[in-house]
Each structure stands twice: as structure tokens, then as C-alpha cells.
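S.K.: File coords_9.pdb below, PDB, C-alpha atoms and all ligand atoms:
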ATOM      1  CA  MET A  18      -6.146 -15.399   2.465
ATOM      2  CA  LYS A  19      -8.493 -14.797  -0.463
ATOM      3  CA  VAL A  20      -7.930 -11.407  -2.101
ATOM      4  CA  ILE A  21     -10.588  -9.545  -4.081
ATOM      5  CA  ASP A  22      -9.454  -6.460  -5.946
ATOM      6  CA  THR A  23     -12.617  -4.378  -6.210
ATOM      7  CA  HIS A  24     -11.049  -1.793  -8.526
ATOM      8  CA  ARG A  25      -9.007  -2.766 -11.574
ATOM      9  CA  HIS A  26      -8.949  -1.707 -15.207
ATOM     10  CA  ILE A  27      -8.379  -3.325 -18.541
ATOM     11  CA  TRP A  28      -6.659  -0.857 -20.813
ATOM     12  CA  GLN A  29      -7.294  -1.262 -24.514
ATOM     13  CA  ARG A  30      -6.337   1.450 -26.952
ATOM     14  CA  ARG A  31      -9.427   0.862 -29.070
ATOM     15  CA  CYS A  32     -11.411   2.206 -26.055
ATOM     16  CA  TRP A  33      -9.538   5.498 -26.285
ATOM     17  CA  SER A  34     -10.146   8.481 -28.506
ATOM     18  CA  GLU A  35      -7.132  10.475 -29.757
ATOM     19  CA  SER A  36      -7.615  12.959 -26.893
ATOM     20  CA  VAL A  37      -7.542  10.224 -24.272
ATOM     21  CA  LYS A  38      -4.344   8.818 -25.804
ATOM     22  CA  LYS A  39      -2.799  12.280 -25.651
ATOM     23  CA  ALA A  40      -3.839  12.711 -22.000
ATOM     24  CA  PHE A  41      -2.376   9.297 -21.195
ATOM     25  CA  ALA A  42       0.890  10.213 -22.949
ATOM     26  CA  MET A  43       1.104  13.390 -20.879
ATOM     27  CA  VAL A  44       0.623  11.399 -17.660
ATOM     28  CA  VAL A  45       3.296   8.879 -18.651
ATOM     29  CA  ALA A  46       5.664  11.622 -19.788
ATOM     30  CA  ARG A  47       5.333  13.342 -16.447
ATOM     31  CA  LYS A  48       5.612  10.195 -14.338
ATOM     32  CA  GLN A  49       8.242   8.243 -16.209
ATOM     33  CA  PHE A  50      10.081  10.326 -18.750
ATOM     34  CA  PRO A  51       9.900  13.950 -17.622
ATOM     35  CA  PHE A  52      12.629  14.820 -20.090
ATOM     36  CA  LEU A  53      10.538  13.630 -23.038
ATOM     37  CA  ASP A  54       7.889  15.500 -24.924
ATOM     38  CA  HIS A  55       4.652  13.568 -24.705
ATOM     39  CA  GLU A  56       4.373  13.732 -28.515
ATOM     40  CA  GLU A  57       7.395  11.414 -28.753
ATOM     41  CA  ILE A  58       5.756   8.632 -26.767
ATOM     42  CA  LEU A  59       2.257   9.171 -28.135
ATOM     43  CA  PRO A  60       2.585   6.590 -30.954
ATOM     44  CA  HIS A  61       3.521   3.921 -28.389
ATOM     45  CA  ILE A  62       1.156   4.928 -25.633
ATOM     46  CA  GLY A  63      -0.648   2.063 -23.977
ATOM     47  CA  GLU A  64       1.493  -0.618 -25.669
ATOM     48  CA  ARG A  65       2.882  -1.925 -22.395
ATOM     49  CA  ILE A  66      -0.505  -2.292 -20.745
ATOM     50  CA  GLU A  67      -2.552  -3.268 -23.792
ATOM     51  CA  ASP A  68      -4.619  -6.324 -22.891
ATOM     52  CA  LEU A  69      -7.073  -7.383 -25.560
ATOM     53  CA  ASP A  70      -8.105 -10.746 -24.139
ATOM     54  CA  GLY A  71      -7.526 -10.374 -20.383
ATOM     55  CA  SER A  72      -4.539 -12.741 -20.358
ATOM     56  CA  LYS A  73      -2.155 -10.046 -19.128
ATOM     57  CA  MET A  74      -4.557  -9.220 -16.292
ATOM     58  CA  ILE A  75      -4.716 -12.861 -15.197
ATOM     59  CA  ARG A  76      -0.907 -13.135 -15.287
ATOM     60  CA  ASP A  77      -0.609  -9.949 -13.209
ATOM     61  CA  MET A  78      -3.250 -11.135 -10.740
ATOM     62  CA  ASP A  79      -1.442 -14.450 -10.289
ATOM     63  CA  GLU A  80       1.828 -12.675  -9.626
ATOM     64  CA  GLU A  81       0.259 -10.121  -7.257
ATOM     65  CA  GLY A  82      -1.665 -12.752  -5.287
ATOM     66  CA  VAL A  83      -5.065 -11.408  -6.349
ATOM     67  CA  ASP A  84      -7.744 -14.088  -6.687
ATOM     68  CA  VAL A  85     -10.651 -12.058  -8.041
ATOM     69  CA  SER A  86     -10.853  -8.714  -9.838
ATOM     70  CA  ILE A  87     -13.727  -6.369 -10.552
ATOM     71  CA  ILE A  88     -12.945  -4.310 -13.639
ATOM     72  CA  HIS A  89     -14.024  -0.721 -14.096
ATOM     73  CA  HIS A  90     -14.531   0.578 -17.578
ATOM     74  CA  ILE A  91     -14.582   4.392 -17.961
ATOM     75  CA  ASP A  92     -16.758   6.355 -20.369
ATOM     76  CA  TRP A  93     -14.328   9.112 -21.375
ATOM     77  CA  GLY A  94     -16.204  10.310 -24.440
ATOM     78  CA  MET A  95     -17.921  13.401 -23.147
ATOM     79  CA  ALA A  96     -14.945  14.693 -21.212
ATOM     80  CA  PHE A  97     -12.590  14.614 -24.174
ATOM     81  CA  LYS A  98     -15.233  15.536 -26.776
ATOM     82  CA  ASP A  99     -14.047  12.974 -29.330
ATOM     83  CA  ASP A 100     -15.646   9.593 -28.686
ATOM     84  CA  ALA A 101     -13.785   6.276 -28.734
ATOM     85  CA  PRO A 102     -13.870   4.315 -32.009
ATOM     86  CA  ALA A 103     -16.361   1.831 -30.501
ATOM     87  CA  THR A 104     -19.752   2.821 -29.081
ATOM     88  CA  ILE A 105     -20.272   2.936 -25.328
ATOM     89  CA  GLU A 106     -22.652  -0.019 -25.670
ATOM     90  CA  GLN A 107     -20.032  -2.083 -27.500
ATOM     91  CA  LEU A 108     -17.287  -1.156 -25.033
ATOM     92  CA  ASN A 109     -19.407  -2.175 -22.060
ATOM     93  CA  LYS A 110     -20.514  -5.374 -23.747
ATOM     94  CA  ASP A 111     -16.905  -6.237 -24.566
ATOM     95  CA  HIS A 112     -15.833  -5.693 -20.957
ATOM     96  CA  CYS A 113     -18.603  -7.974 -19.705
ATOM     97  CA  GLU A 114     -17.746 -10.634 -22.291
ATOM     98  CA  LEU A 115     -14.098 -10.465 -21.340
ATOM     99  CA  ALA A 116     -15.009 -10.914 -17.663
ATOM    100  CA  ASN A 117     -17.269 -13.834 -18.520
ATOM    101  CA  ARG A 118     -14.275 -15.620 -20.047
ATOM    102  CA  PHE A 119     -12.842 -15.947 -16.526
ATOM    103  CA  PRO A 120     -15.770 -17.155 -14.401
ATOM    104  CA  GLY A 121     -15.234 -16.673 -10.688
ATOM    105  CA  ARG A 122     -12.061 -14.645 -11.281
ATOM    106  CA  VAL A 123     -13.139 -11.528 -13.159
ATOM    107  CA  TYR A 124     -16.308  -9.443 -13.024
ATOM    108  CA  SER A 125     -17.171  -6.189 -14.739
ATOM    109  CA  LEU A 126     -19.032  -3.026 -13.791
ATOM    110  CA  PHE A 127     -21.119  -1.105 -16.304
ATOM    111  CA  ALA A 128     -19.700   2.376 -16.966
ATOM    112  CA  ILE A 129     -21.338   5.390 -18.490
ATOM    113  CA  ASP A 130     -21.282   9.156 -18.478
ATOM    114  CA  PRO A 131     -24.872   9.906 -17.424
ATOM    115  CA  ARG A 132     -25.094  12.957 -19.696
ATOM    116  CA  ARG A 133     -26.492  12.748 -23.204
ATOM    117  CA  ARG A 134     -26.193   9.001 -23.596
ATOM    118  CA  PRO A 135     -29.579   8.082 -25.054
ATOM    119  CA  GLY A 136     -31.022   4.899 -23.590
ATOM    120  CA  GLY A 137     -28.249   4.732 -21.007
ATOM    121  CA  VAL A 138     -30.409   3.569 -18.122
ATOM    122  CA  LYS A 139     -31.928   0.801 -20.231
ATOM    123  CA  MET A 140     -28.439  -0.150 -21.391
ATOM    124  CA  PHE A 141     -27.361  -0.389 -17.747
ATOM    125  CA  GLU A 142     -30.271  -2.717 -17.011
ATOM    126  CA  LYS A 143     -29.398  -4.872 -20.001
ATOM    127  CA  ALA A 144     -25.758  -4.974 -18.946
ATOM    128  CA  VAL A 145     -26.735  -6.371 -15.547
ATOM    129  CA  THR A 146     -29.500  -8.736 -16.615
ATOM    130  CA  ASP A 147     -28.086  -9.975 -19.951
ATOM    131  CA  TRP A 148     -24.351  -9.282 -20.091
ATOM    132  CA  GLY A 149     -23.408 -10.079 -16.473
ATOM    133  CA  ALA A 150     -22.304  -6.652 -15.149
ATOM    134  CA  ILE A 151     -22.393  -6.589 -11.341
ATOM    135  CA  GLY A 152     -22.681  -2.838 -10.696
ATOM    136  CA  LEU A 153     -22.342   0.699 -12.042
ATOM    137  CA  ASN A 154     -19.234   2.868 -12.335
ATOM    138  CA  PHE A 155     -19.332   6.672 -12.490
ATOM    139  CA  MET A 156     -16.308   8.901 -13.149
ATOM    140  CA  PRO A 157     -17.520  12.410 -12.168
ATOM    141  CA  PRO A 158     -14.263  14.224 -13.154
ATOM    142  CA  CYS A 159     -15.393  13.604 -16.758
ATOM    143  CA  GLY A 160     -17.680  16.578 -16.116
ATOM    144  CA  PHE A 161     -20.661  15.945 -13.866
ATOM    145  CA  TYR A 162     -21.482  16.067 -10.184
ATOM    146  CA  PRO A 163     -22.538  12.688  -8.805
ATOM    147  CA  ASN A 164     -25.503  14.336  -7.057
ATOM    148  CA  GLU A 165     -26.922  15.886 -10.254
ATOM    149  CA  PRO A 166     -30.515  14.894 -11.071
ATOM    150  CA  ILE A 167     -29.331  13.199 -14.273
ATOM    151  CA  CYS A 168     -27.508  10.599 -12.167
ATOM    152  CA  TYR A 169     -30.532   9.738 -10.075
ATOM    153  CA  ALA A 170     -32.258   7.562 -12.693
ATOM    154  CA  TYR A 171     -29.154   5.367 -12.668
ATOM    155  CA  TYR A 172     -29.135   5.165  -8.864
ATOM    156  CA  GLN A 173     -32.802   4.202  -8.837
ATOM    157  CA  LYS A 174     -32.088   1.523 -11.442
ATOM    158  CA  ALA A 175     -29.123   0.220  -9.424
ATOM    159  CA  LEU A 176     -31.395   0.014  -6.402
ATOM    160  CA  ASP A 177     -34.068  -1.828  -8.419
ATOM    161  CA  LEU A 178     -31.434  -4.221  -9.774
ATOM    162  CA  ASP A 179     -29.910  -4.514  -6.305
ATOM    163  CA  VAL A 180     -26.327  -3.819  -7.434
ATOM    164  CA  PRO A 181     -23.708  -1.416  -6.021
ATOM    165  CA  VAL A 182     -22.656   1.919  -7.481
ATOM    166  CA  SER A 183     -18.952   2.745  -7.568
ATOM    167  CA  ILE A 184     -18.025   6.442  -7.777
ATOM    168  CA  HIS A 185     -14.605   8.034  -8.220
ATOM    169  CA  THR A 186     -13.522  10.548  -5.572
ATOM    170  CA  GLY A 187     -10.207  12.342  -5.118
ATOM    171  CA  PHE A 188      -7.874  14.303  -7.371
ATOM    172  CA  GLN A 189      -7.349  12.172 -10.456
ATOM    173  CA  HIS A 190      -4.498  11.596 -12.899
ATOM    174  CA  TRP A 191      -5.757  12.948 -16.173
ATOM    175  CA  PRO A 192      -5.129  16.382 -17.638
ATOM    176  CA  GLY A 193      -8.379  17.407 -19.306
ATOM    177  CA  LEU A 194     -10.613  16.167 -16.471
ATOM    178  CA  SER A 195     -12.024  18.419 -13.744
ATOM    179  CA  ASN A 196     -11.122  17.658 -10.156
ATOM    180  CA  LYS A 197     -13.886  19.825  -8.711
ATOM    181  CA  TYR A 198     -16.457  17.087  -9.425
ATOM    182  CA  ALA A 199     -14.470  14.544  -7.405
ATOM    183  CA  ARG A 200     -15.089  15.895  -3.906
ATOM    184  CA  PRO A 201     -16.512  13.230  -1.611
ATOM    185  CA  MET A 202     -18.997  15.757  -0.242
ATOM    186  CA  TYR A 203     -21.027  15.512  -3.473
ATOM    187  CA  LEU A 204     -21.814  11.906  -2.591
ATOM    188  CA  ASP A 205     -23.459  12.984   0.648
ATOM    189  CA  ASP A 206     -26.801  13.772  -1.046
ATOM    190  CA  ILE A 207     -26.865  10.295  -2.590
ATOM    191  CA  GLY A 208     -26.698   8.840   0.897
ATOM    192  CA  VAL A 209     -29.601  11.029   1.977
ATOM    193  CA  ASP A 210     -31.760  10.282  -1.076
ATOM    194  CA  PHE A 211     -30.822   6.605  -1.508
ATOM    195  CA  PRO A 212     -30.141   5.222   1.960
ATOM    196  CA  ASP A 213     -30.523   1.639   0.716
ATOM    197  CA  LEU A 214     -28.225   1.942  -2.303
ATOM    198  CA  THR A 215     -24.757   0.437  -1.849
ATOM    199  CA  VAL A 216     -22.273   3.195  -2.732
ATOM    200  CA  ILE A 217     -18.524   2.605  -3.043
ATOM    201  CA  VAL A 218     -16.382   5.696  -2.466
ATOM    202  CA  ASN A 219     -13.491   4.937  -4.830
ATOM    203  CA  HIS A 220     -10.090   5.844  -3.377
ATOM    204  CA  SER A 221     -11.798   7.129  -0.192
ATOM    205  CA  GLY A 222     -11.234  10.637  -1.534
ATOM    206  CA  MET A 223      -7.469  10.143  -1.930
ATOM    207  CA  ASP A 224      -6.140   9.383  -5.412
ATOM    208  CA  SER A 225      -3.077  11.586  -4.975
ATOM    209  CA  ARG A 226      -1.182  13.015  -2.043
ATOM    210  CA  ALA A 227      -2.865  16.325  -2.752
ATOM    211  CA  SER A 228      -6.307  14.958  -1.895
ATOM    212  CA  SER A 229      -5.523  13.725   1.622
ATOM    213  CA  GLY A 230      -7.813  16.499   2.875
ATOM    214  CA  TRP A 231     -10.579  14.916   0.850
ATOM    215  CA  TRP A 232      -9.761  11.604   2.557
ATOM    216  CA  GLU A 233     -10.952  13.175   5.802
ATOM    217  CA  GLU A 234     -14.050  14.404   3.989
ATOM    218  CA  ALA A 235     -14.717  10.929   2.557
ATOM    219  CA  VAL A 236     -14.460   9.331   5.986
ATOM    220  CA  GLY A 237     -16.705  12.029   7.411
ATOM    221  CA  VAL A 238     -19.346  11.464   4.742
ATOM    222  CA  ALA A 239     -19.192   7.671   4.962
ATOM    223  CA  GLU A 240     -19.400   7.670   8.755
ATOM    224  CA  THR A 241     -23.001   8.855   8.727
ATOM    225  CA  LYS A 242     -24.038   7.304   5.404
ATOM    226  CA  LEU A 243     -24.363   3.733   6.530
ATOM    227  CA  ASN A 244     -24.705   2.418   2.967
ATOM    228  CA  PHE A 245     -21.290   3.825   1.920
ATOM    229  CA  TYR A 246     -18.098   1.786   1.542
ATOM    230  CA  LEU A 247     -14.572   3.215   1.693
ATOM    231  CA  GLU A 248     -12.151   1.758  -0.859
ATOM    232  CA  VAL A 249      -8.366   2.110  -0.964
ATOM    233  CA  ALA A 250      -7.460   1.492  -4.633
ATOM    234  CA  ASP A 251      -4.354   3.243  -5.931
ATOM    235  CA  TRP A 252      -3.037   4.276  -2.537
ATOM    236  CA  GLN A 253       0.003   2.062  -3.078
ATOM    237  CA  LYS A 254       1.192   3.608  -6.314
ATOM    238  CA  SER A 255       3.191   6.625  -7.319
ATOM    239  CA  MET A 256       0.548   9.325  -6.892
ATOM    240  CA  VAL A 257      -0.009   8.568  -3.203
ATOM    241  CA  ARG A 258       2.772   6.144  -2.130
ATOM    242  CA  ALA A 259       0.949   5.465   1.132
ATOM    243  CA  MET A 260       3.440   2.780   2.160
ATOM    244  CA  ASP A 261       6.240   5.377   2.345
ATOM    245  CA  ASP A 262       4.793   6.322   5.727
ATOM    246  CA  MET A 263       3.556   3.120   7.318
ATOM    247  CA  ALA A 264       2.678   4.737  10.645
ATOM    248  CA  GLU A 265       0.403   7.198   8.858
ATOM    249  CA  LEU A 266      -1.100   4.481   6.642
ATOM    250  CA  VAL A 267      -1.941   2.321   9.657
ATOM    251  CA  ARG A 268      -3.377   5.385  11.390
ATOM    252  CA  LYS A 269      -5.580   6.092   8.390
ATOM    253  CA  LEU A 270      -6.832   2.491   8.255
ATOM    254  CA  LYS A 271      -7.593   2.640  11.976
ATOM    255  CA  VAL A 272      -9.492   5.924  11.596
ATOM    256  CA  MET A 273     -11.540   4.384   8.757
ATOM    257  CA  ARG A 274     -12.194   1.193  10.682
ATOM    258  CA  ASP A 275     -13.208   3.132  13.799
ATOM    259  CA  ALA A 276     -15.449   5.470  11.761
ATOM    260  CA  VAL A 277     -17.319   3.034   9.512
ATOM    261  CA  GLY A 278     -16.337  -0.450  10.700
ATOM    262  CA  ALA A 279     -14.214  -3.070   8.933
ATOM    263  CA  HIS A 280     -17.402  -4.332   7.304
ATOM    264  CA  ARG A 281     -17.476  -1.148   5.164
ATOM    265  CA  ILE A 282     -13.896  -1.050   3.866
ATOM    266  CA  LEU A 283     -12.901  -2.565   0.503
ATOM    267  CA  PHE A 284      -9.516  -3.563  -0.846
ATOM    268  CA  GLY A 285      -8.492  -2.378  -4.334
ATOM    269  CA  THR A 286      -5.440  -1.721  -6.498
ATOM    270  CA  ASP A 287      -6.460   0.363  -9.550
ATOM    271  CA  GLN A 288      -4.098  -1.839 -11.583
ATOM    272  CA  PRO A 289      -2.655  -2.218 -14.178
ATOM    273  CA  ALA A 290       0.496  -0.321 -13.347
ATOM    274  CA  ILE A 291       2.132   1.756 -16.054
ATOM    275  CA  ASN A 292       5.615   0.858 -14.839
ATOM    276  CA  GLN A 293       7.456  -1.902 -12.998
ATOM    277  CA  THR A 294       7.821   0.166  -9.817
ATOM    278  CA  ASP A 295       4.066   0.501  -9.435
ATOM    279  CA  PHE A 296       3.640  -3.207 -10.179
ATOM    280  CA  GLU A 297       6.105  -4.102  -7.398
ATOM    281  CA  LEU A 298       4.337  -1.688  -5.047
ATOM    282  CA  THR A 299       1.057  -3.441  -5.816
ATOM    283  CA  LYS A 300       2.513  -6.816  -4.838
ATOM    284  CA  LYS A 301       3.613  -5.253  -1.543
ATOM    285  CA  TRP A 302       0.125  -3.714  -1.158
ATOM    286  CA  VAL A 303      -1.475  -7.167  -1.300
ATOM    287  CA  GLU A 304       1.112  -8.592   1.127
ATOM    288  CA  LEU A 305       0.563  -5.728   3.547
ATOM    289  CA  PHE A 306      -3.178  -6.307   3.743
ATOM    290  CA  GLU A 307      -2.774 -10.068   4.079
ATOM    291  CA  ASP A 308      -0.492  -9.416   7.047
ATOM    292  CA  LEU A 309      -2.454  -6.432   8.419
ATOM    293  CA  PRO A 310      -2.847  -7.727  12.015
ATOM    294  CA  ASN A 311       0.952  -8.070  12.385
ATOM    295  CA  VAL A 312       1.827  -4.881  10.514
ATOM    296  CA  ALA A 313      -0.686  -2.780  12.469
ATOM    297  CA  ARG A 314       0.506  -4.205  15.778
ATOM    298  CA  LYS A 315       3.969  -2.750  15.130
ATOM    299  CA  TYR A 316       2.329   0.676  15.209
ATOM    300  CA  GLY A 317       0.233  -0.045  18.270
ATOM    301  CA  VAL A 318      -3.010  -0.724  16.383
ATOM    302  CA  ASP A 319      -5.112  -3.862  16.647
ATOM    303  CA  PHE A 320      -6.618  -5.291  13.472
ATOM    304  CA  SER A 321      -8.148  -8.720  13.905
ATOM    305  CA  ARG A 322      -7.935 -11.500  11.344
ATOM    306  CA  GLU A 323     -11.725 -11.319  10.970
ATOM    307  CA  GLU A 324     -11.542  -7.623  10.106
ATOM    308  CA  THR A 325      -8.772  -8.310   7.599
ATOM    309  CA  GLU A 326     -10.841 -11.062   5.963
ATOM    310  CA  LEU A 327     -13.762  -8.653   5.605
ATOM    311  CA  ILE A 328     -11.615  -5.980   3.959
ATOM    312  CA  LEU A 329      -9.804  -8.378   1.620
ATOM    313  CA  HIS A 330     -12.772 -10.405   0.435
ATOM    314  CA  GLY A 331     -15.779 -10.762   2.764
ATOM    315  CA  ASN A 332     -17.283  -7.337   2.103
ATOM    316  CA  ALA A 333     -16.875  -7.596  -1.669
ATOM    317  CA  GLU A 334     -18.407 -11.070  -1.669
ATOM    318  CA  ARG A 335     -21.368  -9.802   0.324
ATOM    319  CA  ILE A 336     -22.183  -6.600  -1.572
ATOM    320  CA  PHE A 337     -21.493  -7.993  -5.054
ATOM    321  CA  ARG A 338     -22.982 -11.403  -4.183
ATOM    322  CA  LEU A 339     -19.938 -13.250  -5.458
ATOM    323  CA  ASN A 340     -20.609 -16.502  -3.616
TER     324      ASN A 340
HETATM  325 ZN    ZN B 401      -9.526   3.454 -11.434
END
Could you write out this structure as C-alpha cells?

M.R.:
Amino acid sequence: MKVIDTHRHIWQRRCWSESVKKAFAMVVARKQFPFLDHEEILPHIGERIEDLDGSKMIRDMDEEGVDVSIIHHIDWGMAFKDDAPATIEQLNKDHCELANRFPGRVYSLFAIDPRRRPGGVKMFEKAVTDWGAIGLNFMPPCGFYPNEPICYAYYQKALDLDVPVSIHTGFQHWPGLSNKYARPMYLDDIGVDFPDLTVIVNHSGMDSRASSGWWEEAVGVAETKLNFYLEVADWQKSMVRAMDDMAELVRKLKVMRDAVGAHRILFGTDQPAINQTDFELTKKWVELFEDLPNVARKYGVDFSREETELILHGNAERIFRLN
């Protein structure tokens, strides 16, 4: 079965300011080497996942069984105060160029912090029309609410360009970012004001075990906002470990399917993994979805092959016009 990962990253250290590197080192120190001071691993941070030309991503995709990936760049600059060495325009352009090197296999979203980025909306338009970006990515925990007026010019532009908007929800991984902006409820206004804009609720409100309450909120919001899509990236990895409780995972997928329909659920991974365990979990994540009808049946839930095809590739192909 064709697999489209609608949420993946390319990590390149040149995209990171010193503060982002430090935040990343703190995350790794906590997750992998809790006995180490993050300062000790800081000089090596990102080495394992550094991918300057996309070749590591393609190797990972091949091993995971992922056919197509949509990469999300993140504009960290305003959250961490010190900007990355390259401009936001250059970083976005580079991501699009990298995606264009793998036609039919990799696509890129345009990413920006909507605050104080002069010419940002025009840049977004250029990214879609000239560079090949296929949508917009917002990371509200960098310090803005997704329903703030400053975001609305971008939503209007996305609507005019007829491309989806992908917005992070759920408690996130980075010290230095603010979780309060990541509540799914703040997307509700966007659904009211832009009922024709395709909005992807990244992580469906759950990017850690702690935000499972926000998962319910995300489903609740998406149920009545018929232009919203629920996405499951990162649920497989160490922050959530959804596959540790298969009965609960299948229940959650059923609740989502019953609330919004299989035609509004998207598969994702949030790769690359920072360790081998998460990489192995991602392979299992792909396998699980490919075999969803059989897996769900074991827990008394019916998922048809057609529904599985929609979640794994059909919905992404339709909303991003990948065919
Ligand atoms: Zn992500």
C-alpha cells in the first residue's frame, strides 16, 4: 500500500541558532543520556540526524516503507531570539530545492513565524508559485496564537493559492517554547473564519502523553470544522508511545474516524528519529497502518481497506494535489 508521510523534517544544523542547538541538546540529554549534562553533548548535537542533501531521508524512507514525504521546516528565530545563520527566505528556498531534487517523493511546506517577518506573505506566495512549496506550516509554540489577526493574512493567501495550512497542536518537545499556544481550541476560530481553508491539526493535539486531554479537544474541534484534518505524526515515538497500548490506540483511531470520517485523517511520522529505538518504532508505525483492518479487528473495531488507503495516501494526494 502506498504510504505518504505528511509530517517529516530535515534537520540541518545550519538552520539552527545557538539557542536552538542548546534546546535540542537538552531534549537529547533528557531522552537518551539523563546522566549527562547537556553541555557535554552540545558540540555533537544534530550530528546523527544531519542531512544536508536529503540522502539520509531517502534511505530512512526506503527502510521505513514510506513512499512520499512532506517536509516541515520550522521558523525558530523569534522564539529563541537569536536567528539562524541563514535568512528565513534562504532556509525555505533551500528546503524547496531539496524537495525538488526528489520529484514525486519529497515535497516541502513553507514555514514562517507570522510575527515581524517583513514581506512574509509575499514570500509565502513566491514559495508556492516559484519554489514549489505545497502548503504553509505554523509552529504556534514559538510564541503566537494561531487565531491571532497577524496569522489571518497567511490564511487568506493560502486560500487564494488553494494550498493547505499545517498547524502544530499538543505539548511539544522543546524547552524554551510555550505550550499554551498549542491548544487545539485556538484553531477553532480559523474554522469559523475560513471554512474553505484546508487546515491540518498536527499531532491531533497529542505530541506527548501529557496532551492526551488535548487530543479530545482536537477531535472535538475537528468534528464540527469540516475543513480540518486530524494527523497522527509522532504518536509512535518516545513522547507518546501510542503502540504500548494497542487497545487504546485502536480506540482513539475509531473515535477519530467516527467523529470526522476516514477521509479527514492523515498519516505522519515526525521523523527523523533521534535514536534507533524511535526509528524502529516508526517502522512498526508504518506496518501497523498498512495492516490496520487486521489489527483493529483484534480489538473489535472495523477499519476497511478503503479507509486505510485514504489515511495512508488518498487524503494527502487529494488535499495536496499530489497526483
Ligand atoms: Zn514536527

S.K.: Tell me, as a list in words, which residues lie within 10 Å of A:Cys168, counting all atoms listed in the file; anything in the same chain fewer than 3 positions away does not count.

M.R.: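 So, after excluding close chain neighbours, the residues are Asp130, Pro131, Arg132, Val138, Phe155, Phe161, Tyr162, Pro163, Asn164, Glu165, Tyr171, Tyr172, Gln173 and Ile207 of chain A.
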
S.K.: Box in all listed atoms of stretch 293-311 of chain A, axis-aligned, with 4 Å more on each side; write out centre and edge lengths in Å to one decimal as lines of an AutoDock Vina configuration file.

M.R.:
center_x = 2.3
center_y = -4.8
center_z = -0.3
size_x = 19.0
size_y = 18.6
size_z = 33.4

S.K.: Which residues of chain A have any atom within 7 Å of an atom in ligand ZN 401 (chain B) when counting all atoms listed in the file, and what is the closest pair of atoms for each, with the distance in Å to one decimal? Order the rows by chain and rising number and write it as JSON lines.

M.R.:
{"residue": "A:His24", "atom": "CA", "partner": "B:ZN401", "partner_atom": "ZN", "distance": 6.2}
{"residue": "A:Arg25", "atom": "CA", "partner": "B:ZN401", "partner_atom": "ZN", "distance": 6.2}
{"residue": "A:His26", "atom": "CA", "partner": "B:ZN401", "partner_atom": "ZN", "distance": 6.4}
{"residue": "A:His89", "atom": "CA", "partner": "B:ZN401", "partner_atom": "ZN", "distance": 6.7}
{"residue": "A:Asp287", "atom": "CA", "partner": "B:ZN401", "partner_atom": "ZN", "distance": 4.7}

S.K.: Which is closest to A:Ser229 among A:Ile87, A:Val182, A:Ala259, A:Leu126, if we use only C-alpha atoms?

M.R.: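 Nearest to A:Ser229: A:Ala259.
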
S.K.: Rounded to one decimal place, report the atom CA of A:Glu106-atom CA of A:Phe127 distance in Å.

M.R.: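 Atom CA of A:Glu106 sits 9.6 Å away from atom CA of A:Phe127.
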